Amino acid sequence: MSLVTELILNADSEARYPAPKELRIFQDFAKTGDQRIRIAKALAENEQQIVQNGSRRFWERCPNTPSNSGNERKTASCQRDQGWYVRLIAYSILAGSERPLEEIGTVGIKEMYNNLEIPIRNIAECMRCLKEEAMSVMSEEDGQEVAPYFDLIIQSLS
């Protein structure tokens with residue numbers, strides 16, 4: 001759900017017009033549209049590089065992990081999931097809200113990886129590596145916008 005949708009639904013559920021503070025939030029959302037689009041585009045255009053370089057960085061830090069076991073199927077599955085998280089972050093940035101990431105990407109994340117017998121600390125470290133790679137392909141200002149989304153995933157693994 002986008003920030004705009006949230007503002008409208010909140011006001012509507014209370015049978016009122018958006019308050020001045022909510023209208024300012026909407027204005028800020030509109031003003032940052034170009035930046036959000038630029039960030040999402042950078043993530044989309046560099047997704048494969050982010051995942052491949054992030055994986056390499058992760059394997060240097062955690063060499064004994066299922067994605068680095070020599071089993072190509074496991075490696076491909078892990079990298080597919082990593083790409084999914086990069087895309088979900090791009091969607092959340094476009095929406096101007098962490099809500100899609102919270103509702104789709106972090107609910108049950110620990111349970112899922114525990115059931116797959118993948119160490120949670122490895123997933124958290126992998127997300128740190130993806131974050132570093134994502135930030136390396138964009139400006140410092142854009143990277144500062146992306147970082148909290150990766151941090152939300154990392155914190156949900158704690």
# chains A, B, ... in the order shown; residues from 1 in each chain; ligands from 1

$ residues_around --residues "region 47-58 of chain A" --least-positions-apart "2" --cutoff "12 Å" --atoms "only C-alpha atoms" --output "ChimeraX atom specification"
/A:39-45,60-68,75-90,121-138

$ residues_around --residues "Leu152 (chain A)" --least-positions-apart "5" --cutoff "12 Å" --atoms "only C-alpha atoms" --output "list of chain:residue names"
A:Tyr85, A:Ile89, A:Ser92, A:Ser97, A:Glu98, A:Arg99, A:Pro100, A:Leu101, A:Glu102, A:Glu103, A:Gly105, A:Thr106, A:Val107, A:Ile109, A:Ala124, A:Met127, A:Arg128, A:Lys131, A:Val146, A:Ala147, A:Leu157, A:Ser158

$ select_by_dssp --residues "region 20-156 of chain A" --states "alpha helix (DSSP H)" --output "number ranges by chain"
A: 20-31, 33-45, 47-61, 72-95, 99-100, 109-115, 120-136, 140-156
